[in-house]
Amino acid sequence: MVRPGELLDVLLAGGRRADRATHVRVLPARPGTPADWPTWADPDLVRGYRALGVERPWTHQAHAADSAWTGRHTVLSTSTGSGKSLALWLPALTAVRADAAARTLDPGRIENVTRRGTTLYLCPTKALAADQLAGLDRLLVAASTRDVKVATCDGDTSFEERRWVQEHADVILTNPDFLHHALLPQHRRWTRLLASLRYVVLDECHAFRGVFGAHVALVLRRLRRLAESLGAHPVFLLASATTSDPAASAARLIGVAPSEVTAVTDDGSPAGRRTFVLWQPPELPGGDGPWSDLLPQDDPWATPLPVPAPDRSPADDSGSPDAARDVPAAAPTPAPALGAEGSGPLGTGERTVAEADERPRRTATAEVADLLADLTAAGARTLAFTRSRRGAESVATTTRAHLSAVDPALAGAVQAYRGGYLPEERRALEAAIRTGELRALATTNALELGVDIAGLDAVIIAGWPGTRVSLWQQAGRAGRAGADGLVALVAREDPLDTFLVHHPEAIFDTPVEATVFDPTNPYVLAPHLCAAAAELPVRATELDLFGGARAGQLLDELVERGALRRRPSGWYWTHPEPASRLTDLRGTGGDPVRVVESATGRLLGTVDAGSADATVHPGAVYVHQGQTFEVDELQQQDAVALVTRRDVEHGTWARWLTSTTIVTTDAQVSWGPLTWGYGQVDVTSQVIGYQRKHLPDLQVIGYTDLDLPARTLRTAAVWWTAPAEVLEAAGVTAELAPGALHAAEHASIGLLPLLATCDRWDLGGLSSALHADTEQATVFVHDALAGGAGFAERGFELGATWLRATRDAIASCPCATGCPACVQSPKCGNGNNPLEKAAAVRLLDAVLAHAPA
C-alpha cells in the first residue's frame with residue numbers, strides 16, 4: 001500500500017513541483033474508542049456485524065443507538081467514514097426483528113398482526129438509497145435473517161413493485177420528493193406503513209438547507225401528522241456531517257424543541273493521519289498558452305459574452321442551481337490595481353496596498369489531471385472532485401491520455417463519475433472503485449454524500465467547493481476506516497481560491513457553517529398547508545406544528561384567496577387537482593432532458609433542465625465516459641436530446657445573453673438622493689450561439705448562431721441606487737464604480753442570511769454602474785426561487801440595518817484587497833472580478849450618510 005508520505009512526494013515530483021504547495025498541514029491520527037454492544041441489540045444482527053468485521057461498536061455509535069432505543073430523537077454528527085449507519089440501523093432493525101419474533105411466538109394476537117414496526121429511511125439522493133440497500137442486504141445475509149423485508153421506493157418504482165412495498169416492506173428507503181408527491185397525498189394506500197412507523201431515518205441531513213431544507217422540514221411535519229393520526233409516534237434518527245449546532249438544526253427540521261433532541265458529536269472512531277496540501281497551479285509562461293483555458297466548466301454561465309470596455313460588464317451572481325457554481329468570465333476586463341486609488345489624479349488619498357497583477361496560471365482541472373495521473377501510476381486509489389460534469393469528463397479523459405503514454409493498461413483504471421449517468425452505470429463504477437478494479441474516479445460532488453467507498457488513499461479537490469462542510473465531506477473520503485490519507489485542494493484561477501490557499505487559517509482554524517433554513521417562510525409554508533389540508537383537514541390544534549400564529553394568519557389568507565375553505569372542524573382543500581403540485585421541493589425548473597443515441601435509441605444519461613440549452617443544444621459535443629457524441633436535435637417539448645456517436649477533435653462552448661429587468665415596484669423609499677426599491681424582476685438568459693474550439697489548443701475554428709427561447713426567472717428583488725453625486729462624494733470614479741458596486745453586492749448577499757433565515761445559495765444578485773431601468777448605479781439582490789421566497793422582502797424592510805452590517809463586515813476585515821470573509825463570493829458568475837474593497841467601504845459610507853436613524 002502506498003503511504004501518504006510517499007504520495008506527497010509523488011505530488012511534489014521529488015521537489016520539482018514543491019513551489020506549488022503553498023501549505024502542508026498534517027492532521028494527527030486519532031485512536032478509536034470501542035464500546036460494548038447494547039444489551040438490547042438483536043443477537044443475530046450483532047453476529048452479522050461481527051461477520052462483516054465490526055467486532056465492537058465505537059462509543060459514538062453505542063451512545064446514539066442507546067438514545068434512539070430509549071425513544072429520544074437523535075442526531076449523530078461525526079466525521080465522514082465514522083460508521084453513522086450502524087448507529088441508525090441497529091435500533092431500527094432490532095425493533096423490526098423484535099416485532100417479527102412476537103408475531104411468530106403468538107400469531108393469534110391481533111396487535112402482533114397490525115403493529116409490526118416499520119422504518120422509513122430518507123436521503124437526498126437515489127444513489128445513496130441504493131447504496132444503503134446494498135449495505136443492508138450484506139448485513140442481513142451475514143446475520144442469516146430472512147424476516148426483515150427491505151426495499152427502495154421512489155419515482156422510478158413500478159406500480160407492481162410499489163404495491164408490494166405498501167403491503168409487505170418493513171424498511172422502506174426513499175427520498176423527500178417521493179413523500180411529497182406520492183406517499184403523503186396517497187397516504188391511505190400506505191396506512192400499514194404509517195400506522196406502525198417506529199423510526200424515521202434521515203441520512204446526510206446537512207444537505208437539507210436553505211429553501212430545500214424548509215420544504216423538507218414541512219414534508220416531515222406532514223409525515224408526523226399523518227402517522228400520529230393513526231396512533232404512531234416515530235422516533236427520528238438523523239445523520240449529519242460535522243455542522244454547527246446539530247441539535248438545533250435537527251429540531252428545526254423535524255419540528256420539535258431542541259431539548260427533545262440528543263446530539264452525539266464526540267467521534268469515537270479511529271482516524272489515520274491525514275496530510276492536507278494547499279496547492280496553486282504554476283503561472284503560464286508568456287502569459288497565454290494552450291492550457292490557459294483548457295477543461296472549462298460544464299455550466300451554462302461558463303462563457304458569458306464580453307461587453308464593451310467602458311461599461312465593465314455588470315456583475316451577475318445568479319442564485320439559480322446552475323449558476324451557483326463559481327465560474328470565470330470569458331475574457332474579463334482586468335480590475336484596476338487598488339494601489340492607484342491613493343496616487344492617481346482621481347484618487348482619494350487612501351493608502352491601500354495591493355498585490356501586483358499576476359500572470360495567468362494553469363487551470364485547476366488541467367493541474368488535477370496531471371496529479372491524478374501521477375498518483376494512479378504510483379498505485380494510489382484516488383477520487384478527484386471537480387466543480388462540473390464537463391470537468392469530471394475532461395479530467396478523466398486527459399488523465400487516461402497521460403497514462404496511455406506510460407502504461408496503456410493503466411488508462412482503463414480511470415473513469416468519470418457524475419450526475420446524469422444511468423443508475424446501473426453509477427452502481428458499476430462504485431463497485432469497481434471499491435474492489436480496486438478502478439484506481440481513480442474523476443467525479444462531481446455526486447460522491448460527496450455518504451455512498452460508502454472505503455480504502456481510498458488520496459482525494460484531490462479542484463477548486464473551493466463552496467462551504468467548509470463540503471470540503472471536509474470530500475476530504476473525509478481519503479484514508480477512511482482509520483487508514484492514513486492525502487488530500488490536496490488545488491486552487492482555481494479565482495481570487496477566492498487564491499486567498500484560501502495562501503491563508504490556511506481560513507480553512508483549518510475556522511468553524512464549519514451552520515445548516516440554515518426557515519420552515520415558517522410564508523412562500524414555502526403556504527403550499528404545504530394546502531397539501532396538508534388535502535391529506536387531512538388542518539385542525540386549529542395543529543397550528544403549532546406549522547409555525548403557530550403565523551400559520552393561522554396564512555391559513556386565513558389562503559381562505560380569502562379561495563385556496564382553502566374554513567369549516568368549524570378545520571381548513572379543507574376542495575379543489576380537484578393535487579395540492580402537492582403547488583410546489584417543487586428542489587426548484588429544478590422542469591424535468592431532466594434525456595440524452596438519447598439516435599441510431600440505437602439507447603439512453604445515455606440526463607441533463608438538468610436549466611442547463612440543457614447550453615450543454616445539449618443542436619451541434620453541441622456531449623462527452624460520456626470518454627466517448628464523444630454530437631447533438632442532432634434538442635426536442636424541448638419532449639425533453640429529449642438526440643445525439644450521434646462521432647469522433648471529433650473539437651469542443652463546443654455556448655454563448656448567451658443575460659439581463660435583469662424590473663417588472664413591478666411594489667414598495668419604494670427614498671434616502672435623500674438614493675432610492676430603495678422592492679418588487680418583481682425578470683432574470684432572463686438566452687443561449688444565442690456556440691463556438692467550436694480545437695482540442696487541446698483551444699483555437700477557435702468556428703461560430704454558429706442558435707435560435708433558442710429565452711429562459712426567464714421571475715422572482716422578488718430588493719435594490720438600491722447610487723446617483724452620480726453619491727459616487728462622487730465617495731470618491732468612487734467611473735473606473736472604480738463597477739468593482740465597488742460588485743464588492744458591496746457580494747458582501748450584502750453574504751450578510752442577508754443573518755437577517756433573513758436563508759442560505760447564501762438561496763440568493764442571487766446583480767450590480768451595474770448604469771442600469772437601464774433605474775438609469776443609475778444599482779445593486780440588486782434577488783431570491784433564487786421563482787416568485788420569491790421572502791428574503792429580498794426582509795432585506796428591504798431592514799435596509800439600513802442590513803447595509804450597516806455589510807459596511808462593518810467589509811471595513812473590519814483585516815485583509816488588504818478583499819477575501820472570502822468580506823467581498824469575495826464562492827458563487828460569483830464573474831470570477832470575483834472586478835472587486836474594489838476600499839472603494840466599496842467609501843461607497844457604503846456615502847450611502848449610509850443618507851439612511852434614516
# chains A, B, ... in the order shown; residues from 1 in each chain; ligands from 1
$ select_by_dssp --residues "range 551-624 of chain A" --states "alpha helix (DSSP H)" --output "ChimeraX atom specification"
/A:551-560,612-615
$ residues_around --residues "Thr119 in chain A" --least-positions-apart "2" --cutoff "9 Å" --atoms "only C-alpha atoms" --output "VMD selection string"
chain A and resid 92 to 93 96 117 121 170 to 173 193 196 to 201 234
$ write_last_selection --atoms "N, CA and C atoms" --output "short mmCIF file (atom, residue, chain, number, x, y, z; two decimals), in the first residue's frame"
data_model
loop_
_atom_site.label_atom_id
_atom_site.label_comp_id
_atom_site.auth_asym_id
_atom_site.auth_seq_id
_atom_site.Cartn_x
_atom_site.Cartn_y
_atom_site.Cartn_z
N ALA A 92 -33.27 0.39 14.75
CA ALA A 92 -34.40 0.23 13.84
C ALA A 92 -34.62 -1.23 13.47
N LEU A 93 -33.55 -1.93 13.09
CA LEU A 93 -33.69 -3.34 12.70
C LEU A 93 -33.98 -4.23 13.91
N VAL A 96 -37.69 -4.05 14.42
CA VAL A 96 -38.42 -4.84 13.42
C VAL A 96 -38.34 -6.32 13.77
N GLY A 117 -43.53 -3.16 13.62
CA GLY A 117 -42.93 -1.85 13.39
C GLY A 117 -42.29 -1.70 12.02
N TYR A 121 -36.59 5.30 5.68
CA TYR A 121 -35.27 5.91 5.50
C TYR A 121 -35.34 6.95 4.39
N ASP A 170 -40.80 -3.92 5.52
CA ASP A 170 -40.57 -3.44 6.89
C ASP A 170 -39.72 -2.18 6.90
N VAL A 171 -38.79 -2.10 6.00
CA VAL A 171 -37.88 -0.95 5.88
C VAL A 171 -37.99 -0.42 4.45
N ILE A 172 -38.32 0.85 4.33
CA ILE A 172 -38.51 1.46 3.00
C ILE A 172 -37.51 2.60 2.86
N LEU A 173 -36.73 2.54 1.81
CA LEU A 173 -35.73 3.57 1.54
C LEU A 173 -36.21 4.45 0.40
N LEU A 193 -47.80 1.16 6.66
CA LEU A 193 -46.51 1.76 6.98
C LEU A 193 -46.66 2.84 8.05
N SER A 196 -47.71 1.91 11.78
CA SER A 196 -46.74 1.15 12.58
C SER A 196 -45.32 1.74 12.48
N LEU A 197 -45.25 3.03 12.14
CA LEU A 197 -43.95 3.66 11.92
C LEU A 197 -43.23 3.87 13.26
N ARG A 198 -42.10 3.18 13.43
CA ARG A 198 -41.32 3.28 14.66
C ARG A 198 -40.19 4.30 14.53
N TYR A 199 -39.47 4.23 13.41
CA TYR A 199 -38.31 5.08 13.22
C TYR A 199 -38.35 5.74 11.84
N VAL A 200 -37.91 6.99 11.80
CA VAL A 200 -37.65 7.68 10.53
C VAL A 200 -36.18 8.06 10.55
N VAL A 201 -35.44 7.56 9.59
CA VAL A 201 -34.00 7.80 9.50
C VAL A 201 -33.75 8.86 8.42
N PRO A 234 -43.34 8.17 15.67
CA PRO A 234 -41.99 7.71 15.29
C PRO A 234 -40.88 8.52 15.93
#
$ atom_distance --atom1 "CA of Val512 in chain A" --atom2 "CA of Pro246 in chain A"
11.3 Å
$ residues_around --residues "range 554-562 of chain A" --least-positions-apart "4" --cutoff "8 Å" --atoms "only C-alpha atoms" --output "PDB file with N, CA and C atoms, in the first residue's frame"
ATOM      1  N   PRO A 522     -43.362  32.143   4.641  1.00  0.00           N
ATOM      2  CA  PRO A 522     -44.720  32.012   4.078  1.00  0.00           C
ATOM      3  C   PRO A 522     -44.741  31.565   2.621  1.00  0.00           C
ATOM      4  N   ALA A 526     -47.051  28.181   2.656  1.00  0.00           N
ATOM      5  CA  ALA A 526     -48.410  28.234   2.104  1.00  0.00           C
ATOM      6  C   ALA A 526     -48.767  26.996   1.282  1.00  0.00           C
ATOM      7  N   LEU A 529     -49.259  23.975   3.550  1.00  0.00           N
ATOM      8  CA  LEU A 529     -50.526  23.991   4.282  1.00  0.00           C
ATOM      9  C   LEU A 529     -51.659  23.479   3.398  1.00  0.00           C
ATOM     10  N   ARG A 550     -48.334  32.435  12.966  1.00  0.00           N
ATOM     11  CA  ARG A 550     -48.055  32.750  11.559  1.00  0.00           C
ATOM     12  C   ARG A 550     -48.795  31.791  10.635  1.00  0.00           C
ATOM     13  N   ARG A 566     -62.822  27.241   5.117  1.00  0.00           N
ATOM     14  CA  ARG A 566     -62.820  27.121   6.573  1.00  0.00           C
ATOM     15  C   ARG A 566     -64.151  26.542   7.021  1.00  0.00           C
ATOM     16  N   TRP A 571     -59.582  23.518   8.326  1.00  0.00           N
ATOM     17  CA  TRP A 571     -59.391  24.059   6.978  1.00  0.00           C
ATOM     18  C   TRP A 571     -59.333  22.904   5.991  1.00  0.00           C
TER      19      TRP A 571
END
$ residues_around --residues "range 794-796 of chain A" --least-positions-apart "4" --cutoff "10 Å" --atoms "only C-alpha atoms" --output "short mmCIF file (atom, residue, chain, number, x, y, z; two decimals) with N, CA, C and O atoms, in the first residue's frame"
data_model
loop_
_atom_site.label_atom_id
_atom_site.label_comp_id
_atom_site.auth_asym_id
_atom_site.auth_seq_id
_atom_site.Cartn_x
_atom_site.Cartn_y
_atom_site.Cartn_z
N ALA A 667 -42.80 48.42 -3.55
CA ALA A 667 -42.55 49.32 -2.43
C ALA A 667 -41.30 50.13 -2.74
O ALA A 667 -40.39 49.64 -3.41
N GLN A 668 -41.28 51.37 -2.24
CA GLN A 668 -40.14 52.22 -2.54
C GLN A 668 -40.01 53.28 -1.45
O GLN A 668 -41.00 53.83 -0.99
N VAL A 669 -38.77 53.52 -1.02
CA VAL A 669 -38.50 54.58 -0.06
C VAL A 669 -37.29 55.37 -0.56
O VAL A 669 -36.46 54.85 -1.30
N TRP A 676 -34.47 53.13 -2.43
CA TRP A 676 -34.57 51.71 -2.12
C TRP A 676 -35.86 51.19 -2.74
O TRP A 676 -36.92 51.78 -2.56
N GLY A 677 -35.77 50.08 -3.47
CA GLY A 677 -36.95 49.51 -4.09
C GLY A 677 -37.10 48.03 -3.80
O GLY A 677 -36.13 47.33 -3.49
N TYR A 678 -38.33 47.57 -3.87
CA TYR A 678 -38.64 46.15 -3.73
C TYR A 678 -39.74 45.83 -4.73
O TYR A 678 -40.70 46.58 -4.88
N GLY A 679 -39.60 44.70 -5.41
CA GLY A 679 -40.64 44.30 -6.36
C GLY A 679 -40.25 43.05 -7.12
O GLY A 679 -39.34 42.31 -6.72
N ALA A 717 -37.01 40.92 -5.73
CA ALA A 717 -35.70 41.52 -5.55
C ALA A 717 -35.81 42.80 -4.73
O ALA A 717 -36.85 43.46 -4.71
N VAL A 718 -34.71 43.13 -4.06
CA VAL A 718 -34.55 44.42 -3.41
C VAL A 718 -33.39 45.11 -4.10
O VAL A 718 -32.43 44.46 -4.51
N TRP A 719 -33.47 46.43 -4.26
CA TRP A 719 -32.38 47.12 -4.93
C TRP A 719 -32.22 48.52 -4.34
O TRP A 719 -33.14 49.09 -3.77
N TRP A 720 -30.99 49.03 -4.45
CA TRP A 720 -30.74 50.41 -4.07
C TRP A 720 -29.89 51.07 -5.14
O TRP A 720 -29.09 50.43 -5.81
N SER A 748 -23.25 42.16 0.77
CA SER A 748 -24.64 42.24 1.21
C SER A 748 -25.34 40.88 1.07
O SER A 748 -26.16 40.51 1.91
N ILE A 749 -25.01 40.13 0.01
CA ILE A 749 -25.56 38.78 -0.13
C ILE A 749 -25.07 37.90 1.02
O ILE A 749 -25.82 37.11 1.59
N LEU A 751 -24.29 38.84 4.02
CA LEU A 751 -24.83 39.28 5.31
C LEU A 751 -26.33 39.09 5.44
O LEU A 751 -26.85 38.99 6.55
N LEU A 752 -27.07 39.03 4.34
CA LEU A 752 -28.52 38.92 4.43
C LEU A 752 -28.98 37.67 5.19
O LEU A 752 -29.98 37.73 5.92
N PRO A 753 -28.28 36.51 5.09
CA PRO A 753 -28.72 35.35 5.88
C PRO A 753 -28.73 35.58 7.38
O PRO A 753 -29.37 34.83 8.11
N LEU A 755 -30.09 38.17 8.72
CA LEU A 755 -31.34 38.87 8.98
C LEU A 755 -32.56 38.12 8.46
O LEU A 755 -33.65 38.24 9.01
N ALA A 756 -32.39 37.40 7.39
CA ALA A 756 -33.46 36.57 6.83
C ALA A 756 -32.96 35.13 6.88
O ALA A 756 -31.88 34.84 6.37
N THR A 757 -33.72 34.25 7.47
CA THR A 757 -33.25 32.88 7.68
C THR A 757 -33.18 32.14 6.35
O THR A 757 -34.15 31.53 5.91
N VAL A 781 -30.32 42.47 -5.17
CA VAL A 781 -30.23 41.17 -4.52
C VAL A 781 -31.60 40.51 -4.67
O VAL A 781 -32.62 41.12 -4.30
N HIS A 782 -31.63 39.32 -5.25
CA HIS A 782 -32.93 38.69 -5.52
C HIS A 782 -32.98 37.28 -4.98
O HIS A 782 -31.96 36.62 -4.77
N ALA A 789 -39.01 34.16 -2.25
CA ALA A 789 -39.09 33.35 -1.04
C ALA A 789 -39.09 34.19 0.22
O ALA A 789 -38.94 33.66 1.31
N GLY A 790 -39.24 35.50 0.08
CA GLY A 790 -39.35 36.37 1.23
C GLY A 790 -38.04 36.96 1.72
O GLY A 790 -38.04 37.83 2.59
N ALA A 800 -31.46 49.68 6.30
CA ALA A 800 -30.39 50.39 6.99
C ALA A 800 -29.57 49.45 7.86
O ALA A 800 -28.33 49.50 7.85
N THR A 801 -30.23 48.57 8.61
CA THR A 801 -29.53 47.61 9.45
C THR A 801 -28.66 46.69 8.60
O THR A 801 -27.50 46.40 8.94
N TRP A 802 -29.23 46.22 7.51
CA TRP A 802 -28.53 45.30 6.61
C TRP A 802 -27.28 45.96 6.03
O TRP A 802 -26.18 45.39 6.04
N LEU A 803 -27.43 47.20 5.54
CA LEU A 803 -26.32 47.86 4.88
C LEU A 803 -25.23 48.26 5.89
O LEU A 803 -24.04 48.23 5.57
#
$ residues_around --residues "Ala151 in chain A" --least-positions-apart "5" --cutoff "10 Å" --atoms "only C-alpha atoms" --output "PyMOL selection string"
chain A and resi 129-130+133+136-137+161-162+164-165+168-174
$ closest_residue --among "A:Gly750, A:Gly619, A:Pro568, A:Pro124" --to "Glu633 in chain A" --atoms "only C-alpha atoms"
A:Gly619
$ closest_residue --among "A:Pro814, A:Gly14, A:Pro834, A:Gly48" --to "Ala737 in chain A" --atoms "only C-alpha atoms"
A:Pro834
$ residues_around --residues "Glu425 in chain A" --least-positions-apart "2" --cutoff "12 Å" --atoms "only C-alpha atoms" --output "list in words"
Ala127, Gln415, Ala416, Tyr417, Arg418, Gly419, Gly420, Tyr421, Leu422, Pro423, Arg427, Ala428, Leu429, Glu430, Ala431, Ala432, Leu603, Leu604, Gly605, His624 and Gln625 of chain A
$ residues_around --residues "range 456-467 of chain A" --least-positions-apart "3" --cutoff "8 Å" --atoms "only C-alpha atoms" --output "ChimeraX atom specification"
/A:2-4,364-365,368,372,380-387,453,470-471,474-475,477-480,484-492,497,512-513,826-827
$ write_last_selection --atoms "N, CA and C atoms" --output "mmCIF file, in the first residue's frame"
data_model
loop_
_atom_site.group_PDB
_atom_site.id
_atom_site.type_symbol
_atom_site.label_atom_id
_atom_site.label_comp_id
_atom_site.auth_asym_id
_atom_site.auth_seq_id
_atom_site.Cartn_x
_atom_site.Cartn_y
_atom_site.Cartn_z
ATOM 1 N N VAL A 2 0.530 2.240 -0.789
ATOM 2 C CA VAL A 2 1.300 3.467 -0.867
ATOM 3 C C VAL A 2 0.980 4.343 0.331
ATOM 4 N N ARG A 3 2.014 4.845 1.006
ATOM 5 C CA ARG A 3 1.823 5.670 2.186
ATOM 6 C C ARG A 3 1.662 7.132 1.794
ATOM 7 N N PRO A 4 0.883 7.931 2.603
ATOM 8 C CA PRO A 4 0.677 9.337 2.273
ATOM 9 C C PRO A 4 1.967 10.128 2.116
ATOM 10 N N ALA A 364 -7.060 24.721 -12.784
ATOM 11 C CA ALA A 364 -7.067 23.687 -11.757
ATOM 12 C C ALA A 364 -7.363 22.319 -12.348
ATOM 13 N N THR A 365 -8.268 22.260 -13.299
ATOM 14 C CA THR A 365 -8.631 20.953 -13.860
ATOM 15 C C THR A 365 -7.477 20.345 -14.661
ATOM 16 N N VAL A 368 -5.061 19.117 -12.013
ATOM 17 C CA VAL A 368 -5.579 17.921 -11.349
ATOM 18 C C VAL A 368 -5.388 16.691 -12.232
ATOM 19 N N LEU A 372 -3.526 13.491 -10.853
ATOM 20 C CA LEU A 372 -4.260 12.228 -10.804
ATOM 21 C C LEU A 372 -3.520 11.147 -11.580
ATOM 22 N N ALA A 380 -1.844 4.533 -6.232
ATOM 23 C CA ALA A 380 -2.830 5.049 -5.279
ATOM 24 C C ALA A 380 -4.241 4.913 -5.829
ATOM 25 N N ARG A 381 -5.183 4.770 -4.911
ATOM 26 C CA ARG A 381 -6.604 4.820 -5.263
ATOM 27 C C ARG A 381 -7.121 6.200 -4.872
ATOM 28 N N THR A 382 -7.681 6.923 -5.851
ATOM 29 C CA THR A 382 -7.907 8.354 -5.689
ATOM 30 C C THR A 382 -9.270 8.770 -6.201
ATOM 31 N N LEU A 383 -9.880 9.753 -5.523
ATOM 32 C CA LEU A 383 -11.026 10.485 -6.050
ATOM 33 C C LEU A 383 -10.571 11.901 -6.376
ATOM 34 N N ALA A 384 -10.954 12.397 -7.542
ATOM 35 C CA ALA A 384 -10.692 13.790 -7.909
ATOM 36 C C ALA A 384 -12.031 14.486 -8.053
ATOM 37 N N PHE A 385 -12.341 15.416 -7.130
ATOM 38 C CA PHE A 385 -13.607 16.136 -7.159
ATOM 39 C C PHE A 385 -13.468 17.368 -8.054
ATOM 40 N N THR A 386 -14.398 17.529 -8.979
ATOM 41 C CA THR A 386 -14.430 18.696 -9.853
ATOM 42 C C THR A 386 -15.716 19.468 -9.603
ATOM 43 N N ARG A 387 -15.788 20.662 -10.189
ATOM 44 C CA ARG A 387 -16.939 21.527 -9.945
ATOM 45 C C ARG A 387 -18.057 21.326 -10.965
ATOM 46 N N ILE A 453 -17.536 4.345 0.018
ATOM 47 C CA ILE A 453 -16.356 3.962 -0.752
ATOM 48 C C ILE A 453 -15.168 4.089 0.181
ATOM 49 N N SER A 470 -18.753 20.965 2.863
ATOM 50 C CA SER A 470 -18.474 20.181 1.657
ATOM 51 C C SER A 470 -17.000 19.810 1.574
ATOM 52 N N LEU A 471 -16.122 20.755 1.916
ATOM 53 C CA LEU A 471 -14.686 20.476 1.859
ATOM 54 C C LEU A 471 -14.334 19.280 2.733
ATOM 55 N N GLN A 474 -15.697 15.942 1.401
ATOM 56 C CA GLN A 474 -14.890 15.398 0.313
ATOM 57 C C GLN A 474 -13.550 14.894 0.830
ATOM 58 N N ALA A 475 -12.917 15.689 1.693
ATOM 59 C CA ALA A 475 -11.620 15.285 2.227
ATOM 60 C C ALA A 475 -11.727 14.000 3.042
ATOM 61 N N ARG A 477 -13.129 11.371 2.413
ATOM 62 C CA ARG A 477 -13.058 10.150 1.607
ATOM 63 C C ARG A 477 -11.655 9.558 1.606
ATOM 64 N N ALA A 478 -10.638 10.354 1.940
ATOM 65 C CA ALA A 478 -9.260 9.854 1.945
ATOM 66 C C ALA A 478 -8.953 9.232 3.291
ATOM 67 N N GLY A 479 -8.392 8.025 3.248
ATOM 68 C CA GLY A 479 -7.968 7.383 4.481
ATOM 69 C C GLY A 479 -9.098 6.951 5.375
ATOM 70 N N ARG A 480 -10.192 6.481 4.826
ATOM 71 C CA ARG A 480 -11.315 6.056 5.659
ATOM 72 C C ARG A 480 -10.958 4.789 6.428
ATOM 73 N N ASP A 484 -4.288 6.063 6.846
ATOM 74 C CA ASP A 484 -3.742 7.374 6.520
ATOM 75 C C ASP A 484 -4.240 7.811 5.147
ATOM 76 N N GLY A 485 -4.256 9.131 4.933
ATOM 77 C CA GLY A 485 -4.750 9.637 3.656
ATOM 78 C C GLY A 485 -4.089 10.943 3.268
ATOM 79 N N LEU A 486 -4.190 11.276 1.995
ATOM 80 C CA LEU A 486 -3.639 12.516 1.452
ATOM 81 C C LEU A 486 -4.769 13.295 0.796
ATOM 82 N N VAL A 487 -4.833 14.611 1.065
ATOM 83 C CA VAL A 487 -5.831 15.492 0.468
ATOM 84 C C VAL A 487 -5.114 16.689 -0.139
ATOM 85 N N ALA A 488 -5.497 17.061 -1.349
ATOM 86 C CA ALA A 488 -4.929 18.250 -1.981
ATOM 87 C C ALA A 488 -6.065 19.125 -2.493
ATOM 88 N N LEU A 489 -6.084 20.385 -2.064
ATOM 89 C CA LEU A 489 -7.025 21.375 -2.581
ATOM 90 C C LEU A 489 -6.277 22.226 -3.598
ATOM 91 N N VAL A 490 -6.656 22.101 -4.864
ATOM 92 C CA VAL A 490 -5.986 22.802 -5.957
ATOM 93 C C VAL A 490 -6.787 24.054 -6.293
ATOM 94 N N ALA A 491 -6.151 25.210 -6.196
ATOM 95 C CA ALA A 491 -6.850 26.477 -6.398
ATOM 96 C C ALA A 491 -7.181 26.690 -7.864
ATOM 97 N N ARG A 492 -8.372 27.168 -8.117
ATOM 98 C CA ARG A 492 -8.729 27.663 -9.443
ATOM 99 C C ARG A 492 -8.210 29.087 -9.588
ATOM 100 N N ASP A 497 -10.171 31.383 -4.321
ATOM 101 C CA ASP A 497 -9.308 30.216 -4.178
ATOM 102 C C ASP A 497 -7.880 30.634 -3.851
ATOM 103 N N VAL A 512 -17.021 25.089 10.950
ATOM 104 C CA VAL A 512 -17.884 24.801 9.807
ATOM 105 C C VAL A 512 -19.188 25.580 9.940
ATOM 106 N N GLU A 513 -19.877 25.702 8.822
ATOM 107 C CA GLU A 513 -21.088 26.514 8.784
ATOM 108 C C GLU A 513 -22.260 25.798 9.462
ATOM 109 N N PRO A 826 -18.222 32.639 -3.134
ATOM 110 C CA PRO A 826 -17.949 31.316 -3.696
ATOM 111 C C PRO A 826 -18.821 30.982 -4.891
ATOM 112 N N LYS A 827 -19.767 31.836 -5.254
ATOM 113 C CA LYS A 827 -20.693 31.537 -6.345
ATOM 114 C C LYS A 827 -20.774 32.654 -7.369
#
$ closest_residue --among "A:Val623, A:Thr606, A:Val700, A:Ala87" --to "Val593 in chain A" --atoms "only C-alpha atoms"
A:Thr606
$ atom_distance --atom1 "CA of Ile662 in chain A" --atom2 "CA of Gly764 in chain A"
14.7 Å
$ closest_residue --among "A:Ala378, A:Arg468, A:Ala724, A:Pro852" --to "Val10 in chain A" --atoms "only C-alpha atoms"
A:Ala378
$ atom_distance --atom1 "CA of Ala369 in chain A" --atom2 "CA of Arg400 in chain A"
8.8 Å
